[in-house]
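Novice: Pasting protein-v6.tsv below, which is TSV, C-alpha atoms.
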chain	number	residue	atom	x	y	z
A	1	MET	CA	14.08	27.50	-2.88
A	2	LYS	CA	12.98	29.11	0.36
A	3	LEU	CA	14.23	26.38	2.67
A	4	LYS	CA	12.54	27.76	5.79
A	5	TYR	CA	9.09	27.07	4.29
A	6	PHE	CA	10.01	23.54	3.27
A	7	ALA	CA	11.52	22.89	6.71
A	8	ALA	CA	8.28	24.03	8.36
A	9	ILE	CA	6.26	21.65	6.20
A	10	LEU	CA	8.61	18.75	7.01
A	11	LEU	CA	8.35	19.46	10.72
A	12	MET	CA	4.56	19.55	10.60
A	13	ALA	CA	4.33	16.25	8.73
A	14	PHE	CA	6.56	14.31	11.10
A	15	THR	CA	5.02	15.69	14.30
A	16	VAL	CA	1.52	14.55	13.33
A	17	PRO	CA	0.47	11.90	15.89
A	18	ALA	CA	0.13	8.39	14.48
A	19	PHE	CA	-0.34	4.94	16.00
A	20	ALA	CA	2.14	4.39	18.80
A	21	ALA	CA	5.02	2.19	17.72
A	22	SER	CA	5.71	-1.03	19.57
A	23	ASP	CA	8.52	-3.59	19.61
A	24	ASP	CA	6.44	-6.17	17.75
A	25	ASP	CA	5.54	-3.92	14.80
A	26	ASP	CA	6.14	-5.54	11.41
A	27	SER	CA	7.95	-2.87	9.42
A	28	ALA	CA	8.99	-2.66	5.79
A	29	VAL	CA	10.51	-0.19	3.37
A	30	GLY	CA	9.51	0.20	-0.24
A	31	ALA	CA	9.28	2.19	-3.44
A	32	ARG	CA	6.44	3.44	-5.66
A	33	LEU	CA	6.67	4.30	-9.33
A	34	SER	CA	3.84	5.60	-11.48
A	35	GLY	CA	3.06	7.26	-14.77
A	36	GLY	CA	-0.15	8.85	-15.93
A	37	ILE	CA	-2.00	11.22	-18.23
A	38	ASN	CA	-4.32	14.12	-17.53
A	39	TYR	CA	-6.60	15.00	-20.46
A	40	LYS	CA	-8.56	18.26	-20.37
A	41	ILE	CA	-11.97	17.51	-21.86
A	42	LYS	CA	-13.10	21.09	-21.27
A	43	LYS	CA	-12.49	23.78	-18.67
A	44	GLY	CA	-12.66	22.23	-15.22
A	45	PHE	CA	-13.40	18.71	-16.53
A	46	HIS	CA	-10.49	16.24	-16.74
A	47	LEU	CA	-9.98	12.58	-17.60
A	48	ASN	CA	-7.16	10.81	-15.76
A	49	ALA	CA	-5.44	7.47	-16.23
A	50	SER	CA	-2.38	6.04	-14.50
A	51	GLU	CA	-0.38	2.92	-13.73
A	52	GLU	CA	1.40	2.52	-10.38
A	53	ILE	CA	3.70	-0.26	-9.22
A	54	ARG	CA	4.61	-0.73	-5.56
A	55	PHE	CA	7.52	-2.66	-4.09
A	56	ASN	CA	8.47	-3.48	-0.49
A	57	SER	CA	11.38	-5.14	1.27
A	58	ASN	CA	9.33	-8.13	2.42
A	59	ASP	CA	7.80	-9.29	-0.87
A	60	GLY	CA	9.60	-7.48	-3.69
A	61	PHE	CA	6.71	-6.71	-6.01
A	62	ASP	CA	3.77	-5.81	-3.78
A	63	LYS	CA	0.88	-4.34	-5.82
A	64	SER	CA	-0.03	-2.61	-9.04
A	65	TYR	CA	-2.84	-0.12	-9.56
A	66	THR	CA	-4.41	0.56	-12.95
A	67	ASN	CA	-6.61	3.63	-12.56
A	68	VAL	CA	-9.07	5.63	-14.66
A	69	GLY	CA	-11.03	8.57	-13.31
A	70	LEU	CA	-12.83	11.85	-13.90
A	71	ASP	CA	-12.45	15.16	-12.05
A	72	TYR	CA	-14.71	18.18	-12.22
A	73	LYS	CA	-13.94	21.56	-10.65
A	74	LEU	CA	-17.21	23.05	-9.44
A	75	ASN	CA	-15.65	26.40	-8.48
A	76	PRO	CA	-12.26	27.69	-7.24
A	77	TYR	CA	-12.85	26.01	-3.87
A	78	LEU	CA	-14.49	22.66	-4.62
A	79	LYS	CA	-13.63	19.70	-6.84
A	80	VAL	CA	-15.35	16.33	-7.16
A	81	GLY	CA	-14.08	13.12	-8.70
A	82	CYS	CA	-14.75	9.45	-9.27
A	83	GLY	CA	-12.60	6.56	-10.39
A	84	TYR	CA	-11.96	2.85	-10.80
A	85	ASP	CA	-8.86	0.83	-9.86
A	86	LEU	CA	-7.87	-2.62	-11.04
A	87	ILE	CA	-5.48	-3.87	-8.34
A	88	LEU	CA	-3.08	-6.80	-8.67
A	89	VAL	CA	-1.79	-8.04	-5.31
A	90	ASN	CA	1.15	-10.37	-4.67
A	91	GLY	CA	-0.49	-12.98	-2.42
A	92	THR	CA	1.19	-15.70	-0.38
A	93	SER	CA	0.73	-18.37	-3.06
A	94	ALA	CA	-0.70	-16.58	-6.11
A	95	PHE	CA	-1.57	-13.15	-7.44
A	96	LYS	CA	-4.95	-11.78	-6.40
A	97	VAL	CA	-7.17	-9.33	-8.29
A	98	ARG	CA	-9.19	-6.62	-6.59
A	99	HIS	CA	-11.65	-4.08	-7.96
A	100	ARG	CA	-12.13	-0.65	-6.41
A	101	ILE	CA	-14.57	2.18	-7.07
A	102	ALA	CA	-14.35	5.56	-5.36
A	103	GLY	CA	-15.84	9.03	-5.18
A	104	ASP	CA	-14.29	12.09	-3.58
A	105	ILE	CA	-14.74	15.78	-2.85
A	106	THR	CA	-11.90	18.23	-2.19
A	107	GLY	CA	-12.13	21.69	-0.65
A	108	THR	CA	-9.23	24.10	-1.20
A	109	VAL	CA	-8.38	27.55	0.11
A	110	LYS	CA	-5.34	29.73	-0.66
A	111	ALA	CA	-3.54	32.30	1.47
A	112	GLY	CA	-0.77	33.99	-0.46
A	113	ASN	CA	1.59	31.26	-1.66
A	114	TRP	CA	0.08	28.74	0.77
A	115	LYS	CA	-2.61	26.28	-0.24
A	116	PHE	CA	-4.68	24.20	2.19
A	117	SER	CA	-6.98	21.37	1.18
A	118	LEU	CA	-9.22	18.76	2.76
A	119	LYS	CA	-10.20	15.69	0.74
A	120	GLU	CA	-12.91	13.21	1.69
A	121	LYS	CA	-12.87	9.97	-0.27
A	122	PHE	CA	-15.36	7.10	-0.01
A	123	GLN	CA	-14.30	3.83	-1.63
A	124	GLY	CA	-15.39	0.24	-1.94
A	125	THR	CA	-12.99	-2.61	-2.71
A	126	TYR	CA	-14.15	-6.04	-3.87
A	127	ARG	CA	-11.95	-8.97	-2.84
A	128	SER	CA	-13.09	-12.38	-4.03
A	129	GLY	CA	-12.46	-15.59	-2.13
A	130	VAL	CA	-12.11	-14.11	1.37
A	131	ASN	CA	-13.54	-15.62	4.53
A	132	THR	CA	-16.33	-13.12	5.21
A	133	TYR	CA	-16.34	-14.05	8.91
A	134	GLN	CA	-12.82	-12.63	9.09
A	135	LYS	CA	-13.09	-9.62	6.75
A	136	PRO	CA	-15.68	-8.14	4.38
A	137	GLU	CA	-15.72	-9.24	0.77
A	138	PHE	CA	-16.62	-5.67	-0.26
A	139	ALA	CA	-14.64	-3.44	2.10
A	140	LEU	CA	-15.95	0.11	2.60
A	141	ASN	CA	-13.46	2.81	3.59
A	142	LEU	CA	-13.59	6.53	4.27
A	143	LYS	CA	-10.35	8.48	3.81
A	144	SER	CA	-9.84	11.99	5.16
A	145	ARG	CA	-6.71	13.82	3.97
A	146	PHE	CA	-5.46	17.25	5.04
A	147	LYS	CA	-2.73	18.75	2.82
A	148	VAL	CA	-0.72	21.95	2.94
A	149	ALA	CA	1.52	23.18	0.11
A	150	TYR	CA	3.70	26.20	-0.50
A	151	LYS	CA	4.25	27.63	-3.98
A	152	VAL	CA	7.92	28.56	-4.22
A	153	ASN	CA	7.49	29.49	-7.89
A	154	TYR	CA	5.42	28.31	-10.83
A	155	LYS	CA	7.55	25.15	-11.13
A	156	VAL	CA	8.22	24.00	-7.56
A	157	GLN	CA	5.69	23.34	-4.80
A	158	PRO	CA	6.66	21.38	-1.64
A	159	TYR	CA	3.83	19.86	0.39
A	160	ALA	CA	2.94	17.72	3.38
A	161	SER	CA	-0.20	15.76	4.17
A	162	VAL	CA	-1.77	13.43	6.71
A	163	GLU	CA	-4.54	10.97	5.85
A	164	LEU	CA	-6.78	8.94	8.16
A	165	ARG	CA	-8.45	5.80	6.81
A	166	HIS	CA	-11.49	4.28	8.48
A	167	LEU	CA	-12.82	0.79	7.75
A	168	LEU	CA	-16.62	1.07	7.96
A	169	ASN	CA	-17.77	-2.57	7.78
A	170	GLY	CA	-15.27	-4.87	9.45
A	171	ALA	CA	-16.29	-8.32	10.67
A	172	GLU	CA	-17.29	-8.33	14.34
A	173	TRP	CA	-17.49	-11.05	16.97
A	174	SER	CA	-18.73	-11.04	20.55
A	175	GLU	CA	-16.18	-10.67	23.32
A	176	GLU	CA	-17.23	-13.92	25.00
A	177	GLY	CA	-14.29	-15.88	23.60
A	178	THR	CA	-11.51	-16.53	26.13
A	179	THR	CA	-8.12	-18.20	26.00
A	180	SER	CA	-9.77	-21.45	27.09
A	181	SER	CA	-12.97	-21.37	25.01
A	182	TYR	CA	-12.96	-19.42	21.75
A	183	ALA	CA	-15.97	-21.39	20.50
A	184	SER	CA	-18.24	-19.51	22.92
A	185	ALA	CA	-17.85	-16.32	20.83
A	186	SER	CA	-20.51	-15.49	18.24
A	187	TYR	CA	-20.43	-13.69	14.89
A	188	LEU	CA	-22.20	-10.29	14.93
A	189	GLY	CA	-21.99	-9.28	11.26
A	190	HIS	CA	-20.02	-6.60	9.41
A	191	SER	CA	-20.62	-3.85	11.93
A	192	ASP	CA	-17.14	-3.03	13.24
A	193	ALA	CA	-15.81	0.43	12.28
A	194	TYR	CA	-12.35	1.67	13.23
A	195	MET	CA	-9.38	3.69	11.98
A	196	ASN	CA	-6.94	1.23	10.44
A	197	ARG	CA	-4.30	3.49	8.88
A	198	VAL	CA	-2.57	6.83	9.35
A	199	ARG	CA	-0.55	7.97	6.33
A	200	THR	CA	1.85	10.93	6.41
A	201	MET	CA	3.56	12.28	3.31
A	202	VAL	CA	6.06	14.97	2.35
A	203	GLY	CA	7.02	15.73	-1.21
A	204	VAL	CA	7.65	18.19	-3.99
A	205	ASP	CA	5.54	18.82	-7.09
A	206	TRP	CA	7.91	19.80	-9.88
A	207	LYS	CA	6.47	21.15	-13.11
A	208	VAL	CA	9.10	20.53	-15.78
A	209	SER	CA	7.03	22.04	-18.62
A	210	GLN	CA	3.44	22.85	-19.54
A	211	GLN	CA	2.84	19.15	-20.24
A	212	SER	CA	5.22	17.30	-17.91
A	213	ALA	CA	5.26	17.21	-14.11
A	214	PHE	CA	6.86	15.04	-11.42
A	215	ASP	CA	5.75	14.32	-7.87
A	216	ILE	CA	8.68	13.17	-5.70
A	217	PHE	CA	7.65	12.09	-2.22
A	218	LEU	CA	8.24	10.13	0.98
A	219	VAL	CA	5.35	8.24	2.58
A	220	TYR	CA	4.94	6.58	5.97
A	221	ASP	CA	2.01	4.25	6.66
A	222	ALA	CA	1.11	3.18	10.21
A	223	ASN	CA	-1.45	0.37	9.99
A	224	ASN	CA	-3.58	-1.16	12.73
A	225	ASP	CA	-5.74	-4.09	11.60
A	226	THR	CA	-8.04	-6.33	13.62
A	227	ILE	CA	-7.04	-9.97	13.06
A	228	ILE	CA	-9.78	-12.59	13.28
A	229	ASP	CA	-9.20	-16.35	12.92
A	230	SER	CA	-12.55	-18.03	12.23
A	231	ASN	CA	-13.66	-21.12	10.37
A	232	LYS	CA	-15.39	-20.56	7.02
A	233	GLU	CA	-18.78	-21.49	8.47
A	234	GLY	CA	-18.61	-18.75	11.07
A	235	SER	CA	-19.43	-21.16	13.87
A	236	THR	CA	-16.06	-21.18	15.67
A	237	LEU	CA	-13.55	-18.53	16.61
A	238	LYS	CA	-10.19	-20.33	16.57
A	239	ALA	CA	-8.12	-17.80	18.51
A	240	GLN	CA	-8.38	-14.55	20.37
A	241	ILE	CA	-9.06	-11.42	18.30
A	242	TYR	CA	-6.07	-9.07	18.36
A	243	ASP	CA	-4.77	-5.89	16.73
A	244	GLU	CA	-1.82	-6.24	14.37
A	245	LYS	CA	0.38	-3.17	13.88
A	246	THR	CA	2.49	-2.83	10.74
A	247	SER	CA	4.30	0.07	9.13
A	248	LEU	CA	5.77	0.97	5.76
A	249	PHE	CA	8.20	3.71	4.75
A	250	ALA	CA	8.51	4.29	1.01
A	251	VAL	CA	9.97	6.69	-1.51
A	252	GLY	CA	7.99	7.43	-4.65
A	253	VAL	CA	8.17	9.13	-8.03
A	254	ALA	CA	5.09	9.89	-10.14
A	255	TYR	CA	5.10	11.36	-13.64
A	256	THR	CA	2.08	13.01	-15.27
A	257	PHE	CA	1.67	14.17	-18.86
A	258	SER	CA	-1.08	16.75	-19.35
A	259	PHE	CA	-2.71	17.72	-22.63
Starting from the coordinates I provided, produce the structure as structure tokens.

Specialist:
Amino acid sequence: MKLKYFAAILLMAFTVPAFAASDDDDSAVGARLSGGINYKIKKGFHLNASEEIRFNSNDGFDKSYTNVGLDYKLNPYLKVGCGYDLILVNGTSAFKVRHRIAGDITGTVKAGNWKFSLKEKFQGTYRSGVNTYQKPEFALNLKSRFKVAYKVNYKVQPYASVELRHLLNGAEWSEEGTTSSYASASYLGHSDAYMNRVRTMVGVDWKVSQQSAFDIFLVYDANNDTIIDSNKEGSTLKAQIYDEKTSLFAVGVAYTFSF
């Protein structure tokens, strides 16, 4: 393997600016394992299905994602896709189920053995039983991911990427609440929009055969969520609104069988 190319990709990934770390960040480490299939319906049109399980050091089992989706390659430079995820989350007292739908478009250009891509993904996630004065029941997110890869040979392709996630409809309250009188604040609706995660990844795509391929990667998530403590009637803000910073570093292995 041409190590100088892989080293350049690693350097780029870890020098991408993310949320500034602080002493009170809640950090965790984890692992991600997944397996999936990629079925070629016809040229440029693929059906995908996968199962992913995530673990972290705080909770053990964290989440599982059961995904089905379709991809269509419009031309050598553009691809569109859509999909559905059934998500099982390890909650504080019981498992919670979430439903997610998404659509995306990816633009790709090649320069020699280098490949550059930009993916825009719009998704909506339904979470039942939430206090809608604290967070939206149907969260809308826009993800923007830039990825660069280098083709060492037809089997091995190291890559690095950075992804920005924006929440588009967060709950919003007036800034009138103070340390002495939170009740003076008022609910303004789901109009708050902000970037709540930066994700950086480095990895290697390894094509074992025509049918089998592995993706071995490291991922670092820097999260920044607005925390709101309100009663369920939306008439009282119980505490000051604040930003909570958390981070996760995980290693992952994904297997895909194509036919």

Novice: What's the 12 Å shell around Asp62 in chain A, counting all atoms listed in the file, without same-chain residues fewer than 2 positions away, as a PyMOL selection string?

Specialist: chain A and resi 28-33+52-60+64-65+87-92+94-96+248

Novice: Write out as a PyMOL selection string the residues lying within 7 Å of Arg100 in chain A, counting only C-alpha atoms and excluding same-chain residues fewer than 2 positions away.

Specialist: chain A and resi 84-86+98+102+123-126

Novice: Can you pull out the residues contacting range 43-51 of chain A? Cut-off 8 Å, using only C-alpha atoms, and skip same-chain residues under 6 positions away; I want them as a VMD selection string.

Specialist: chain A and resid 34 to 37 64 to 74

Novice: Can you tell me, as a short mmCIF file (atom, residue, chain, number, x, y, z; two decimals) with C-alpha atoms, in the frame of the given file, what residues are no more than 12 Å from Gly234 in chain A when counting only C-alpha atoms, ignoring any on the same chain fewer than 5 positions away?

Specialist:
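Full text of result_30.cif as output:
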data_model
loop_
_atom_site.label_atom_id
_atom_site.label_comp_id
_atom_site.auth_asym_id
_atom_site.auth_seq_id
_atom_site.Cartn_x
_atom_site.Cartn_y
_atom_site.Cartn_z
CA ASN A 131 -13.54 -15.62 4.53
CA THR A 132 -16.33 -13.12 5.21
CA TYR A 133 -16.34 -14.05 8.91
CA GLN A 134 -12.82 -12.63 9.09
CA LYS A 135 -13.09 -9.62 6.75
CA ALA A 171 -16.29 -8.32 10.67
CA GLU A 172 -17.29 -8.33 14.34
CA TRP A 173 -17.49 -11.05 16.97
CA ALA A 183 -15.97 -21.39 20.50
CA SER A 184 -18.24 -19.51 22.92
CA ALA A 185 -17.85 -16.32 20.83
CA SER A 186 -20.51 -15.49 18.24
CA TYR A 187 -20.43 -13.69 14.89
CA LEU A 188 -22.20 -10.29 14.93
CA GLY A 189 -21.99 -9.28 11.26
CA ILE A 228 -9.78 -12.59 13.28
CA ASP A 229 -9.20 -16.35 12.92
#

Novice: How many Å separate CA of Trp114 in chain A from CA of Met201 in chain A?

Specialist: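 Interatomic distance, CA of Trp114 in chain A to CA of Met201 in chain A: 17.0 Å.
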